[in-house]
Amino acid sequence: MPDCRVMDTLPDGAEDPGTLGGLLAVFAHPDDESYLAGGTLARYAASGVRVALLCATLGEAGDIADPVLAARETLPSVREAELGAAAACLGLTETHLLDYHDGSLASVDFPEGVERVSEIMAAQRPRVVLTFGPEGVYGHPDHVAIHRWAKEAFHRYRATEPALAPRLYYVAPPRSWYRAVSERTRLRGVPDRYGPRVEVLGVPDELVTTRVAVGEYVTARLAAIRAHRSQLFADHPFATLPDVDLQELLAVEYYTRGWPVAAPREPVEADLFAAWPVGARTEAEWRDA
Ligand SMILES: [Zn+2]
């Protein structure tokens with residue numbers, strides 16, 4: 001089993017937000033946090049919430065955007081440094097690295113993966129856990145594995161912390177968002193990376209239960225995305241679209257509430273830390289969700 005390491009990413013001189021109630025984001029690769037939830041993480045960190053990140057791999061199997069930045073053998077350390085820089089941009093309190101090999105998570109024993117996440121969850125005692133949904137945004141096997149580990153770990157944790165009433169959220173960029181980015185890239189005459197896959201990326205719009213306004217934190221999110229330099233390809237919309245477009249396209253981040261499962265016709269919520277929703281489903285129903 002790989003070691004778990006903690007990167008202390010609290011900015012120098014910052015006060016530890018401590019007991020205000022925490023958020024734990026559980027992702028697979030460096031950059032997942034910035035691309036999928038960067039504005040949300042920055043928003044809650046700025047409001048005094050203790051925001052921690054668990055990242056299961058160093059993304060070392062991925063392609064390298066520019067050979068000047070890294071070689072295959074230096075990629076793990078480059079990506080770790082980039083993650084540290086991104087975490088500082090977002091104001092994260094700490095980052096836990098599980099040091100699994102990139103691309104290996106689906107072959108890790110499920111109980112082991114759950115246990116690794118559970119240990120960190122129990123230590124952090126978050127009120128909100130954020131992770132991938134069952135589709136993994138675009139089906140990456142590491143994303144799907146992390147979803148399964150985090151979901152199981154969350155429900156075990158929840159049973160031990162009834163007074164805290166923790167909540168589980170899945171990142172859920174909707175199809176309409178990918179279509180909007182695709183349309184904007186065509187309008188601007190830059191490469192349309194999403195267009196050919198727009199019907200399989202993200203989630204159907206009706207699965208979105210929660211829209212978090214993050215307009216004030218787009219700058220922090222873009223800085224974090226750009227800190228992952230070895231992953232930001234020159235033809236990516238976040239590299240080609242002007243900031244004025246990105247400010248508009250990234251002003252909202254989207255989630256599906258995994259627990260408590262949304263009741264039928266429940267209004268869309270705007271805050272991951274809102275009051276426990278009326279009509280949320282019962283214990284017996286979560287395993288089917
Ligand atoms: Zn990923």
# chains A, B, ... in the order shown; residues from 1 in each chain; ligands from 1
>>> residues_near_ligand(ligand="ligand 1", cutoff="9 Å", atoms="only C-alpha atoms and all ligand atoms", output="PyMOL selection string")
chain A and resi 27-33+59+136-137+140+142-143
>>> residues_around(residues="A:Val244", least_positions_apart="3", cutoff="12 Å", atoms="only C-alpha atoms", output="NGL selection string")
:A and (184 or 188 or 215 or 218-219 or 222 or 238 or 240-241 or 247-251)
>>> write_last_selection(atoms="C-alpha atoms", output="CSV table (one decimal), in the first residue's frame")
chain,number,residue,atom,x,y,z
A,184,ARG,CA,-18.2,29.8,-27.7
A,188,ARG,CA,-14.2,32.6,-31.4
A,215,GLY,CA,-18.1,34.5,-10.2
A,218,VAL,CA,-13.1,32.6,-11.4
A,219,THR,CA,-9.7,34.4,-11.2
A,222,LEU,CA,-8.1,30.1,-13.6
A,238,PHE,CA,-9.3,27.4,-20.9
A,240,THR,CA,-7.7,29.6,-26.0
A,241,LEU,CA,-10.8,31.5,-24.9
A,247,GLN,CA,-15.5,34.7,-16.6
A,248,GLU,CA,-19.0,34.1,-17.9
A,249,LEU,CA,-18.7,30.4,-18.6
A,250,LEU,CA,-17.1,29.6,-15.2
A,251,ALA,CA,-19.3,31.8,-13.0
>>> residues_around(residues="A:Phe110", least_positions_apart="4", cutoff="9 Å", atoms="only C-alpha atoms", output="list in words")
Ala106, Val114, Glu115, Ala145, Arg148 and Trp149 of chain A
>>> closest_residue(among="A:Ala163, A:Leu201, A:Ala239, A:Leu92", to="A:Gly39", atoms="only C-alpha atoms")
A:Leu92
>>> closest_residue(among="A:Pro242, A:Pro162, A:Gly133, A:Pro237", to="A:Leu207", atoms="only C-alpha atoms")
A:Gly133
>>> residues_around(residues="A:Thr160", least_positions_apart="4", cutoff="12 Å", atoms="only C-alpha atoms", output="PyMOL selection string")
chain A and resi 118+121-122+125+153-156+164-166
>>> closest_residue(among="A:Ser230, A:Arg186, A:Gly91, A:Leu97", to="A:Val68", atoms="only C-alpha atoms")
A:Ser230
>>> closest_residue(among="A:Pro76, A:Pro191, A:Gly139, A:Pro173", to="A:Ala37", atoms="only C-alpha atoms")
A:Pro173
>>> residues_around(residues="A:Ala180", least_positions_apart="5", cutoff="10 Å", atoms="only C-alpha atoms", output="PyMOL selection string")
chain A and resi 175+185+194-195+198+249
>>> write_last_selection(atoms="C-alpha atoms", output="PDB file, in the first residue's frame")
ATOM      1  CA  ARG A 175     -24.258  18.847 -20.952  1.00  0.00           C
ATOM      2  CA  THR A 185     -15.020  28.184 -29.118  1.00  0.00           C
ATOM      3  CA  TYR A 194     -15.834  19.430 -26.563  1.00  0.00           C
ATOM      4  CA  GLY A 195     -18.070  19.556 -29.648  1.00  0.00           C
ATOM      5  CA  VAL A 198     -20.741  16.977 -26.071  1.00  0.00           C
ATOM      6  CA  LEU A 249     -18.656  30.392 -18.600  1.00  0.00           C
TER       7      LEU A 249
END
>>> residues_around(residues="A:Pro267", least_positions_apart="3", cutoff="9 Å", atoms="only C-alpha atoms", output="NGL selection string")
:A and (209-210 or 264)
>>> closest_residue(among="A:Pro204, A:Thr93, A:Asp109, A:Glu135", to="A:Gly48", atoms="only C-alpha atoms")
A:Thr93
